[in-house]
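Text of the file target.cif, holding mmCIF, C-alpha atoms and all ligand atoms; chains and numbers go by the auth columns:
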data_target
#
loop_
_atom_site.group_PDB
_atom_site.id
_atom_site.type_symbol
_atom_site.label_atom_id
_atom_site.label_comp_id
_atom_site.label_asym_id
_atom_site.label_seq_id
_atom_site.Cartn_x
_atom_site.Cartn_y
_atom_site.Cartn_z
_atom_site.B_iso_or_equiv
_atom_site.auth_seq_id
_atom_site.auth_asym_id
ATOM 1 C CA MET A 1 110.806 105.138 113.003 0.00 1 A
ATOM 2 C CA ASP A 2 113.812 107.434 113.078 0.00 2 A
ATOM 3 C CA VAL A 3 113.302 111.074 112.105 0.00 3 A
ATOM 4 C CA LEU A 4 116.015 113.213 110.500 0.00 4 A
ATOM 5 C CA VAL A 5 115.565 116.985 110.125 0.00 5 A
ATOM 6 C CA VAL A 6 117.843 118.357 107.403 0.00 6 A
ATOM 7 C CA ASP A 7 118.763 121.743 108.887 0.00 7 A
ATOM 8 C CA HIS A 8 121.535 122.488 106.373 0.00 8 A
ATOM 9 C CA PRO A 9 121.629 126.194 105.400 0.00 9 A
ATOM 10 C CA LEU A 10 121.060 125.402 101.705 0.00 10 A
ATOM 11 C CA ALA A 11 118.046 123.242 102.531 0.00 11 A
ATOM 12 C CA GLN A 12 116.606 125.923 104.803 0.00 12 A
ATOM 13 C CA SER A 13 116.989 128.629 102.125 0.00 13 A
ATOM 14 C CA ARG A 14 115.003 126.475 99.636 0.00 14 A
ATOM 15 C CA LEU A 15 112.382 125.841 102.312 0.00 15 A
ATOM 16 C CA THR A 16 112.114 129.583 102.927 0.00 16 A
ATOM 17 C CA ALA A 17 111.511 130.155 99.209 0.00 17 A
ATOM 18 C CA MET A 18 108.737 127.562 99.314 0.00 18 A
ATOM 19 C CA ARG A 19 107.089 129.115 102.361 0.00 19 A
ATOM 20 C CA ASN A 20 107.205 132.659 100.958 0.00 20 A
ATOM 21 C CA THR A 21 103.960 133.807 99.304 0.00 21 A
ATOM 22 C CA GLU A 22 106.068 135.993 97.001 0.00 22 A
ATOM 23 C CA SER A 23 107.421 132.868 95.267 0.00 23 A
ATOM 24 C CA ASP A 24 105.430 132.121 92.102 0.00 24 A
ATOM 25 C CA SER A 25 104.820 128.526 90.977 0.00 25 A
ATOM 26 C CA GLY A 26 108.050 128.437 88.948 0.00 26 A
ATOM 27 C CA ALA A 27 110.139 129.548 91.914 0.00 27 A
ATOM 28 C CA PHE A 28 108.245 127.154 94.196 0.00 28 A
ATOM 29 C CA ARG A 29 108.882 124.174 91.891 0.00 29 A
ATOM 30 C CA ALA A 30 112.568 125.086 91.462 0.00 30 A
ATOM 31 C CA ALA A 31 113.068 125.265 95.233 0.00 31 A
ATOM 32 C CA LEU A 32 111.224 121.949 95.674 0.00 32 A
ATOM 33 C CA HIS A 33 113.454 120.256 93.064 0.00 33 A
ATOM 34 C CA GLU A 34 116.621 121.440 94.767 0.00 34 A
ATOM 35 C CA LEU A 35 115.408 120.676 98.279 0.00 35 A
ATOM 36 C CA THR A 36 114.361 117.169 97.213 0.00 36 A
ATOM 37 C CA THR A 37 117.912 116.493 96.041 0.00 37 A
ATOM 38 C CA MET A 38 119.131 117.305 99.544 0.00 38 A
ATOM 39 C CA LEU A 39 116.427 115.251 101.288 0.00 39 A
ATOM 40 C CA VAL A 40 117.019 112.193 99.095 0.00 40 A
ATOM 41 C CA TYR A 41 120.793 112.537 99.525 0.00 41 A
ATOM 42 C CA GLU A 42 120.298 112.320 103.296 0.00 42 A
ATOM 43 C CA ALA A 43 117.751 109.491 103.057 0.00 43 A
ATOM 44 C CA ALA A 44 120.231 107.496 100.975 0.00 44 A
ATOM 45 C CA ARG A 45 122.742 107.356 103.838 0.00 45 A
ATOM 46 C CA SER A 46 120.881 104.316 105.122 0.00 46 A
ATOM 47 C CA PHE A 47 120.909 102.473 101.762 0.00 47 A
ATOM 48 C CA ALA A 48 122.986 99.290 101.531 0.00 48 A
ATOM 49 C CA VAL A 49 126.016 99.352 99.217 0.00 49 A
ATOM 50 C CA GLU A 50 128.055 96.576 97.626 0.00 50 A
ATOM 51 C CA ALA A 51 131.662 96.553 96.461 0.00 51 A
ATOM 52 C CA TYR A 52 132.651 95.639 92.904 0.00 52 A
ATOM 53 C CA PRO A 53 135.929 95.697 90.981 0.00 53 A
ATOM 54 C CA ILE A 54 136.710 98.526 88.538 0.00 54 A
ATOM 55 C CA GLU A 55 139.782 99.866 86.804 0.00 55 A
ATOM 56 C CA THR A 56 140.844 103.506 86.988 0.00 56 A
ATOM 57 C CA PRO A 57 143.136 104.761 84.199 0.00 57 A
ATOM 58 C CA VAL A 58 146.000 103.985 86.626 0.00 58 A
ATOM 59 C CA ALA A 59 145.167 100.781 88.518 0.00 59 A
ATOM 60 C CA PRO A 60 142.506 98.234 89.408 0.00 60 A
ATOM 61 C CA THR A 61 140.578 99.069 92.566 0.00 61 A
ATOM 62 C CA MET A 62 137.272 98.395 94.273 0.00 62 A
ATOM 63 C CA GLY A 63 134.248 100.642 93.748 0.00 63 A
ATOM 64 C CA THR A 64 130.836 100.747 95.389 0.00 64 A
ATOM 65 C CA ARG A 65 127.248 100.899 94.138 0.00 65 A
ATOM 66 C CA LEU A 66 123.809 100.648 95.696 0.00 66 A
ATOM 67 C CA ALA A 67 123.121 96.995 96.464 0.00 67 A
ATOM 68 C CA ASN A 68 119.369 97.349 95.990 0.00 68 A
ATOM 69 C CA PRO A 69 118.165 100.657 94.467 0.00 69 A
ATOM 70 C CA PRO A 70 114.762 101.589 95.951 0.00 70 A
ATOM 71 C CA LEU A 71 111.448 101.827 94.185 0.00 71 A
ATOM 72 C CA ILE A 72 110.583 105.537 94.162 0.00 72 A
ATOM 73 C CA VAL A 73 106.904 106.293 94.927 0.00 73 A
ATOM 74 C CA PRO A 74 105.715 109.896 94.595 0.00 74 A
ATOM 75 C CA VAL A 75 102.284 110.556 96.111 0.00 75 A
ATOM 76 C CA LEU A 76 100.269 112.434 93.468 0.00 76 A
ATOM 77 C CA ARG A 77 99.797 115.244 92.900 0.00 77 A
ATOM 78 C CA ALA A 78 102.227 117.152 95.059 0.00 78 A
ATOM 79 C CA GLY A 79 104.882 114.429 95.210 0.00 79 A
ATOM 80 C CA LEU A 80 105.261 114.626 91.426 0.00 80 A
ATOM 81 C CA GLY A 81 107.392 117.732 91.878 0.00 81 A
ATOM 82 C CA MET A 82 109.937 115.630 93.805 0.00 82 A
ATOM 83 C CA ALA A 83 110.090 112.704 91.377 0.00 83 A
ATOM 84 C CA ASP A 84 112.630 113.981 88.828 0.00 84 A
ATOM 85 C CA SER A 85 115.156 115.025 91.461 0.00 85 A
ATOM 86 C CA ALA A 86 114.947 111.641 93.178 0.00 86 A
ATOM 87 C CA LEU A 87 115.301 109.730 89.909 0.00 87 A
ATOM 88 C CA ALA A 88 118.294 111.873 88.908 0.00 88 A
ATOM 89 C CA LEU A 89 120.108 110.784 92.101 0.00 89 A
ATOM 90 C CA LEU A 90 118.896 107.176 91.784 0.00 90 A
ATOM 91 C CA PRO A 91 119.006 106.470 88.020 0.00 91 A
ATOM 92 C CA GLU A 92 118.841 102.677 88.540 0.00 92 A
ATOM 93 C CA SER A 93 115.531 102.955 90.411 0.00 93 A
ATOM 94 C CA SER A 94 112.059 102.171 89.112 0.00 94 A
ATOM 95 C CA MET A 95 109.036 104.290 89.925 0.00 95 A
ATOM 96 C CA GLY A 96 105.534 103.498 91.183 0.00 96 A
ATOM 97 C CA PHE A 97 102.675 105.939 91.769 0.00 97 A
ATOM 98 C CA VAL A 98 99.930 106.446 94.336 0.00 98 A
ATOM 99 C CA GLY A 99 97.242 109.088 93.747 0.00 99 A
ATOM 100 C CA LEU A 100 95.508 110.498 96.835 0.00 100 A
ATOM 101 C CA ALA A 101 93.333 113.558 97.424 0.00 101 A
ATOM 102 C CA ARG A 102 92.431 114.690 100.931 0.00 102 A
ATOM 103 C CA ASP A 103 88.709 115.145 101.575 0.00 103 A
ATOM 104 C CA GLU A 104 88.148 118.780 102.594 0.00 104 A
ATOM 105 C CA LYS A 105 85.573 117.871 105.280 0.00 105 A
ATOM 106 C CA THR A 106 86.863 114.649 106.842 0.00 106 A
ATOM 107 C CA PHE A 107 90.545 115.342 106.023 0.00 107 A
ATOM 108 C CA GLU A 108 90.935 111.655 105.194 0.00 108 A
ATOM 109 C CA PRO A 109 92.590 110.617 101.901 0.00 109 A
ATOM 110 C CA ARG A 110 90.574 109.408 98.918 0.00 110 A
ATOM 111 C CA ALA A 111 92.575 107.031 96.737 0.00 111 A
ATOM 112 C CA TYR A 112 92.195 107.502 92.968 0.00 112 A
ATOM 113 C CA MET A 113 95.242 105.691 91.601 0.00 113 A
ATOM 114 C CA GLU A 114 97.625 102.881 92.482 0.00 114 A
ATOM 115 C CA SER A 115 100.381 101.811 90.160 0.00 115 A
ATOM 116 C CA LEU A 116 102.693 99.593 92.177 0.00 116 A
ATOM 117 C CA PRO A 117 104.396 96.212 91.644 0.00 117 A
ATOM 118 C CA GLY A 118 102.327 93.406 93.203 0.00 118 A
ATOM 119 C CA ASP A 119 105.274 91.983 95.165 0.00 119 A
ATOM 120 C CA LEU A 120 107.531 94.368 97.062 0.00 120 A
ATOM 121 C CA SER A 121 109.247 91.798 99.277 0.00 121 A
ATOM 122 C CA GLY A 122 112.990 92.441 99.360 0.00 122 A
ATOM 123 C CA LEU A 123 112.674 95.836 97.677 0.00 123 A
ATOM 124 C CA PRO A 124 113.264 99.070 99.610 0.00 124 A
ATOM 125 C CA VAL A 125 110.835 101.903 98.820 0.00 125 A
ATOM 126 C CA LEU A 126 111.396 105.655 98.950 0.00 126 A
ATOM 127 C CA VAL A 127 108.110 107.590 99.261 0.00 127 A
ATOM 128 C CA LEU A 128 107.953 111.259 98.238 0.00 128 A
ATOM 129 C CA ASP A 129 105.301 113.694 99.445 0.00 129 A
ATOM 130 C CA PRO A 130 106.078 117.295 100.387 0.00 130 A
ATOM 131 C CA MET A 131 103.489 117.437 103.195 0.00 131 A
ATOM 132 C CA LEU A 132 102.943 115.263 106.271 0.00 132 A
ATOM 133 C CA ALA A 133 99.990 116.997 107.952 0.00 133 A
ATOM 134 C CA THR A 134 97.463 114.720 109.728 0.00 134 A
ATOM 135 C CA GLY A 135 99.421 111.758 108.369 0.00 135 A
ATOM 136 C CA GLY A 136 96.353 110.160 106.779 0.00 136 A
ATOM 137 C CA SER A 137 97.773 110.248 103.246 0.00 137 A
ATOM 138 C CA LEU A 138 101.218 108.885 104.022 0.00 138 A
ATOM 139 C CA VAL A 139 99.837 106.190 106.324 0.00 139 A
ATOM 140 C CA HIS A 140 97.480 105.095 103.534 0.00 140 A
ATOM 141 C CA CYS A 141 100.320 105.002 101.008 0.00 141 A
ATOM 142 C CA CYS A 142 102.743 103.164 103.287 0.00 142 A
ATOM 143 C CA ARG A 143 100.091 100.567 104.204 0.00 143 A
ATOM 144 C CA LEU A 144 99.708 99.784 100.495 0.00 144 A
ATOM 145 C CA LEU A 145 103.452 99.120 100.382 0.00 145 A
ATOM 146 C CA VAL A 146 103.492 96.932 103.497 0.00 146 A
ATOM 147 C CA GLU A 147 100.489 94.941 102.199 0.00 147 A
ATOM 148 C CA ARG A 148 102.658 94.093 99.168 0.00 148 A
ATOM 149 C CA GLY A 149 105.441 92.748 101.376 0.00 149 A
ATOM 150 C CA CYS A 150 107.686 95.802 101.739 0.00 150 A
ATOM 151 C CA THR A 151 109.606 95.911 105.020 0.00 151 A
ATOM 152 C CA ASP A 152 111.902 98.857 104.274 0.00 152 A
ATOM 153 C CA VAL A 153 110.053 102.134 103.698 0.00 153 A
ATOM 154 C CA ALA A 154 111.750 105.542 103.838 0.00 154 A
ATOM 155 C CA VAL A 155 109.790 108.782 103.425 0.00 155 A
ATOM 156 C CA CYS A 156 111.040 112.193 102.302 0.00 156 A
ATOM 157 C CA CYS A 157 108.793 115.160 102.998 0.00 157 A
ATOM 158 C CA VAL A 158 109.419 118.899 103.032 0.00 158 A
ATOM 159 C CA LEU A 159 107.314 119.702 106.101 0.00 159 A
ATOM 160 C CA ALA A 160 105.998 117.533 108.899 0.00 160 A
ATOM 161 C CA ALA A 161 103.489 118.354 111.642 0.00 161 A
ATOM 162 C CA PRO A 162 104.033 116.641 115.011 0.00 162 A
ATOM 163 C CA GLU A 163 100.538 115.076 114.721 0.00 163 A
ATOM 164 C CA GLY A 164 101.462 113.495 111.378 0.00 164 A
ATOM 165 C CA ILE A 165 104.775 112.177 112.647 0.00 165 A
ATOM 166 C CA GLU A 166 103.047 110.459 115.566 0.00 166 A
ATOM 167 C CA ARG A 167 100.375 108.921 113.317 0.00 167 A
ATOM 168 C CA LEU A 168 103.005 107.654 110.884 0.00 168 A
ATOM 169 C CA ARG A 169 105.101 106.270 113.743 0.00 169 A
ATOM 170 C CA ALA A 170 102.064 104.544 115.270 0.00 170 A
ATOM 171 C CA SER A 171 101.279 102.892 111.912 0.00 171 A
ATOM 172 C CA GLY A 172 104.531 100.943 112.188 0.00 172 A
ATOM 173 C CA THR A 173 105.008 101.102 108.423 0.00 173 A
ATOM 174 C CA VAL A 174 108.052 103.400 108.070 0.00 174 A
ATOM 175 C CA ARG A 175 111.704 102.959 109.068 0.00 175 A
ATOM 176 C CA HIS A 176 113.097 106.381 108.178 0.00 176 A
ATOM 177 C CA LEU A 177 111.527 109.829 107.850 0.00 177 A
ATOM 178 C CA VAL A 178 113.571 112.698 106.394 0.00 178 A
ATOM 179 C CA THR A 179 112.160 116.228 106.473 0.00 179 A
ATOM 180 C CA ALA A 180 113.358 119.821 106.230 0.00 180 A
ATOM 181 C CA SER A 181 111.247 120.983 109.197 0.00 181 A
ATOM 182 C CA ILE A 182 108.937 119.872 111.968 0.00 182 A
ATOM 183 C CA ASP A 183 106.472 122.758 112.111 0.00 183 A
ATOM 184 C CA GLU A 184 104.320 123.934 115.035 0.00 184 A
ATOM 185 C CA GLY A 185 101.143 122.019 114.246 0.00 185 A
ATOM 186 C CA LEU A 186 97.880 122.116 112.288 0.00 186 A
ATOM 187 C CA ASN A 187 95.164 124.780 112.018 0.00 187 A
ATOM 188 C CA ASP A 188 91.412 124.068 112.042 0.00 188 A
ATOM 189 C CA LYS A 189 91.524 123.201 108.311 0.00 189 A
ATOM 190 C CA LYS A 190 94.377 120.763 109.031 0.00 190 A
ATOM 191 C CA TYR A 191 96.936 122.866 107.195 0.00 191 A
ATOM 192 C CA ILE A 192 100.465 122.880 108.556 0.00 192 A
ATOM 193 C CA VAL A 193 101.355 126.074 110.513 0.00 193 A
ATOM 194 C CA PRO A 194 103.319 128.104 109.538 0.00 194 A
ATOM 195 C CA GLY A 195 103.606 125.688 106.604 0.00 195 A
ATOM 196 C CA LEU A 196 103.636 126.692 102.966 0.00 196 A
ATOM 197 C CA GLY A 197 99.976 126.386 101.976 0.00 197 A
ATOM 198 C CA ASP A 198 98.678 123.794 99.539 0.00 198 A
ATOM 199 C CA ALA A 199 101.725 122.118 98.005 0.00 199 A
ATOM 200 C CA GLY A 200 99.769 120.810 95.005 0.00 200 A
ATOM 201 C CA ASP A 201 98.124 124.118 94.187 0.00 201 A
ATOM 202 C CA ARG A 202 101.352 126.062 94.627 0.00 202 A
ATOM 203 C CA GLN A 203 103.065 123.841 92.046 0.00 203 A
ATOM 204 C CA PHE A 204 100.296 123.195 89.573 0.00 204 A
ATOM 205 C CA GLY A 205 97.517 125.711 90.276 0.00 205 A
ATOM 206 C CA GLY A 206 94.106 125.241 91.961 0.00 206 A
ATOM 207 C CA MET A 207 91.685 122.551 90.780 0.00 207 A
HETATM 208 C C1 LIG B . 98.441 117.006 100.227 0.00 301 B
HETATM 209 C C2 LIG B . 99.860 116.530 100.413 0.00 301 B
HETATM 210 C C3 LIG B . 99.678 115.225 101.128 0.00 301 B
HETATM 211 C C4 LIG B . 98.465 115.483 101.977 0.00 301 B
HETATM 212 C C5 LIG B . 98.911 115.722 103.392 0.00 301 B
HETATM 213 O O1 LIG B . 97.848 116.393 99.152 0.00 301 B
HETATM 214 O O2 LIG B . 100.564 116.420 99.210 0.00 301 B
HETATM 215 O O3 LIG B . 99.481 114.124 100.262 0.00 301 B
HETATM 216 O O4 LIG B . 97.820 116.647 101.461 0.00 301 B
HETATM 217 O O5 LIG B . 97.832 115.801 104.259 0.00 301 B
HETATM 218 P P1 LIG B . 97.551 114.696 105.372 0.00 301 B
HETATM 219 O O6 LIG B . 98.861 114.366 106.028 0.00 301 B
HETATM 220 O O7 LIG B . 96.602 115.385 106.297 0.00 301 B
HETATM 221 O O8 LIG B . 96.945 113.498 104.716 0.00 301 B
HETATM 222 P P2 LIG B . 96.338 116.712 98.693 0.00 301 B
HETATM 223 O O9 LIG B . 95.415 115.691 99.265 0.00 301 B
HETATM 224 O O10 LIG B . 96.004 118.140 98.975 0.00 301 B
HETATM 225 O O11 LIG B . 96.369 116.443 97.143 0.00 301 B
HETATM 226 P P3 LIG B . 97.264 117.105 95.984 0.00 301 B
HETATM 227 O O12 LIG B . 98.663 116.592 96.172 0.00 301 B
HETATM 228 O O13 LIG B . 96.608 116.616 94.748 0.00 301 B
HETATM 229 O O14 LIG B . 97.185 118.612 96.122 0.00 301 B
HETATM 230 N N1 LIG B . 98.289 119.506 102.373 0.00 302 B
HETATM 231 C C1 LIG B . 98.959 120.600 101.939 0.00 302 B
HETATM 232 O O1 LIG B . 99.224 120.736 100.723 0.00 302 B
HETATM 233 N N2 LIG B . 99.328 121.522 102.832 0.00 302 B
HETATM 234 C C2 LIG B . 99.083 121.411 104.158 0.00 302 B
HETATM 235 O O2 LIG B . 99.478 122.295 104.942 0.00 302 B
HETATM 236 C C3 LIG B . 98.375 120.266 104.593 0.00 302 B
HETATM 237 C C4 LIG B . 97.994 119.334 103.688 0.00 302 B
#
In structure tokens, what does this structure look like?
Amino acid sequence: MDVLVVDHPLAQSRLTAMRNTESDSGAFRAALHELTTMLVYEAARSFAVEAYPIETPVAPTMGTRLANPPLIVPVLRAGLGMADSALALLPESSMGFVGLARDEKTFEPRAYMESLPGDLSGLPVLVLDPMLATGGSLVHCCRLLVERGCTDVAVCCVLAAPEGIERLRASGTVRHLVTASIDEGLNDKKYIVPGLGDAGDRQFGGM
């Protein structure tokens, strides 16, 4: 698994807005939308393209397009806030959904929804989840994809903890990970430090 940290100044300013407790949910969601555009833009560097003939107003020439637009899979809830930005950059893509909630005592994910095509062989998948903490949630999601035949999984997340990166790498399910920061680690409640808090609650309010 290769790991890309997007340390562009515009990405880091959106990340700062997301970390800041003074940002209300509207400001948090706006920063997440914009940051997702930058993360997906970088993730798409590895996508295959194909040439096809077009005509400009002046002359015929060759253009390019994505050879195989990925299935976009936001991990609910928090990944929902990344879905629109990804689909805006990848308008030919379809979308699947995986719903996971982390158990507050065991910190393991509890699955409550899967809406994915049965056969993912030959189709690249782009997974969206702002937080890679212990890695339990993303490993669960990516295993669902591999079980359906997917061999080309890329993940975009806002923050990653070193523990989560290692667990995701060890799962062998992901080719590319794109993130805006690798933070210091996890606290005793398995929150990312310094992190940004609960990404779902900060977007949508507490449950
Ligand atoms: C958050 C986040 C990830 C997960 C990360 O979701 O969006 O899915 O925690 O933690 P992990 O790497 O330790 O598994 P959460 O379970 O809080 O649900 P939510 O998106 O509904 O808030
Ligand atoms: N889930 C979150 O939303 N935030 C964390 O820091 C860890 C898991």
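The shell of residues at most 9 Å from Met38 of chain A, with only C-alpha atoms counted and near chain neighbours (fewer than 6 positions) removed, consists of A:Val6, A:His8, A:Leu10, A:Ala11.
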Quiz item: Mind telling me what the PyMOL selection byres (((chain A and resi 86) around 8) and not hetatm) catches here, as a PyMOL selection string?
Solution: chain A and resi 36-37+40+72+82-85+87-90
Practice problem: Name the residues that the PyMOL selection byres (((chain A and resi 182) around 7) and not hetatm) picks from the file above, as an MDAnalysis selection string, using the file's chain letters and numbers. | Solution: chainID A and resid 159:162 181 183:184
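In this comparison, which uses only C-alpha atoms and all ligand atoms, the residue of A:Arg148, A:Arg102, A:Lys189, A:His140 approaching ligand LIG 301 (chain B) most closely is A:Arg102.
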Exercise. Name all residues at most 6 Å from segment 118-132 of chain A (count all atoms listed in the file; drop same-chain ones fewer than 2 positions away) and give them as a PyMOL selection string.
Key: chain A and resi 70-75+79+135+148-150+152-160+164
Practice problem: Mind giving me the straight-line distance from atom O13 of ligand LIG 301 (chain B) to atom CA of Ala78 of chain A in Å, one decimal? | Solution: 5.7 Å
Output the residue selection produced by the PyMOL selection byres (((not hetatm)) within 9 of (chain B and resi 301)) on the file above, formatted as a PDB file with C-alpha atoms, in the coordinates of the input.
ATOM      1  CA  VAL A  75     102.284 110.556  96.111  1.00  0.00           C
ATOM      2  CA  LEU A  76     100.269 112.434  93.468  1.00  0.00           C
ATOM      3  CA  ARG A  77      99.797 115.244  92.900  1.00  0.00           C
ATOM      4  CA  ALA A  78     102.227 117.152  95.059  1.00  0.00           C
ATOM      5  CA  GLY A  79     104.882 114.429  95.210  1.00  0.00           C
ATOM      6  CA  LEU A  80     105.261 114.626  91.426  1.00  0.00           C
ATOM      7  CA  GLY A  99      97.242 109.088  93.747  1.00  0.00           C
ATOM      8  CA  LEU A 100      95.508 110.498  96.835  1.00  0.00           C
ATOM      9  CA  ALA A 101      93.333 113.558  97.424  1.00  0.00           C
ATOM     10  CA  ARG A 102      92.431 114.690 100.931  1.00  0.00           C
ATOM     11  CA  ASP A 103      88.709 115.145 101.575  1.00  0.00           C
ATOM     12  CA  GLU A 104      88.148 118.780 102.594  1.00  0.00           C
ATOM     13  CA  PHE A 107      90.545 115.342 106.023  1.00  0.00           C
ATOM     14  CA  GLU A 108      90.935 111.655 105.194  1.00  0.00           C
ATOM     15  CA  PRO A 109      92.590 110.617 101.901  1.00  0.00           C
ATOM     16  CA  ARG A 110      90.574 109.408  98.918  1.00  0.00           C
ATOM     17  CA  ASP A 129     105.301 113.694  99.445  1.00  0.00           C
ATOM     18  CA  PRO A 130     106.078 117.295 100.387  1.00  0.00           C
ATOM     19  CA  MET A 131     103.489 117.437 103.195  1.00  0.00           C
ATOM     20  CA  LEU A 132     102.943 115.263 106.271  1.00  0.00           C
ATOM     21  CA  ALA A 133      99.990 116.997 107.952  1.00  0.00           C
ATOM     22  CA  THR A 134      97.463 114.720 109.728  1.00  0.00           C
ATOM     23  CA  GLY A 135      99.421 111.758 108.369  1.00  0.00           C
ATOM     24  CA  GLY A 136      96.353 110.160 106.779  1.00  0.00           C
ATOM     25  CA  SER A 137      97.773 110.248 103.246  1.00  0.00           C
ATOM     26  CA  LEU A 138     101.218 108.885 104.022  1.00  0.00           C
ATOM     27  CA  VAL A 139      99.837 106.190 106.324  1.00  0.00           C
ATOM     28  CA  HIS A 140      97.480 105.095 103.534  1.00  0.00           C
ATOM     29  CA  ALA A 160     105.998 117.533 108.899  1.00  0.00           C
ATOM     30  CA  ALA A 161     103.489 118.354 111.642  1.00  0.00           C
ATOM     31  CA  GLU A 163     100.538 115.076 114.721  1.00  0.00           C
ATOM     32  CA  GLY A 164     101.462 113.495 111.378  1.00  0.00           C
ATOM     33  CA  LYS A 190      94.377 120.763 109.031  1.00  0.00           C
ATOM     34  CA  TYR A 191      96.936 122.866 107.195  1.00  0.00           C
ATOM     35  CA  ILE A 192     100.465 122.880 108.556  1.00  0.00           C
ATOM     36  CA  ASP A 198      98.678 123.794  99.539  1.00  0.00           C
ATOM     37  CA  ALA A 199     101.725 122.118  98.005  1.00  0.00           C
ATOM     38  CA  GLY A 200      99.769 120.810  95.005  1.00  0.00           C
ATOM     39  CA  ASP A 201      98.124 124.118  94.187  1.00  0.00           C
ATOM     40  CA  ARG A 202     101.352 126.062  94.627  1.00  0.00           C
ATOM     41  CA  GLN A 203     103.065 123.841  92.046  1.00  0.00           C
ATOM     42  CA  PHE A 204     100.296 123.195  89.573  1.00  0.00           C
ATOM     43  CA  GLY A 206      94.106 125.241  91.961  1.00  0.00           C
ATOM     44  CA  MET A 207      91.685 122.551  90.780  1.00  0.00           C
TER      45      MET A 207
END
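Minimum atom-to-atom distances from A:Asp188, A:Glu55, A:Asp2, A:Glu22 to ligand LIG 302 (chain B) were compared using all atoms listed in the file, and the lowest value belongs to A:Asp188.
Using all atoms listed in the file, the nearest neighbour of ligand LIG 302 (chain B) within the list A:Leu196, A:Gly205, A:Pro69, A:Thr64 is A:Leu196.
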Practice problem: Considering all atoms listed in the file, state which residue in the set A:Leu15, A:Ala31, A:Val5, A:Cys141 is at the smallest distance from Gly81 of chain A. | Solution: A:Ala31
Mind working out the centre and edge lengths of an axis-aligned box for segment 34-51 of chain A, all listed atoms inside, 6 Å added to each side, rounded to one decimal in Å and written as AutoDock Vina command-line options?
--center_x 123.0 --center_y 109.0 --center_z 99.9 --size_x 29.3 --size_y 36.9 --size_z 22.4
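The two atoms in question, atom CA of Pro9 of chain A and atom CA of Gly197 of chain A, are spaced 21.9 Å apart.
Of the listed residues (A:Ser13, A:Thr21, A:Ser46, A:Thr61), A:Ser46 comes nearest to Val178 of chain A; the distances count only C-alpha atoms.
Distance-wise, atom CA of Asn20 of chain A and atom CA of His176 of chain A end up 27.9 Å apart.
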Quiz prompt | Which residue of A:Leu177, A:Glu50, A:Gly195, A:Ser93 approaches ligand LIG 302 (chain B) most closely, using all atoms listed in the file | solution = A:Gly195
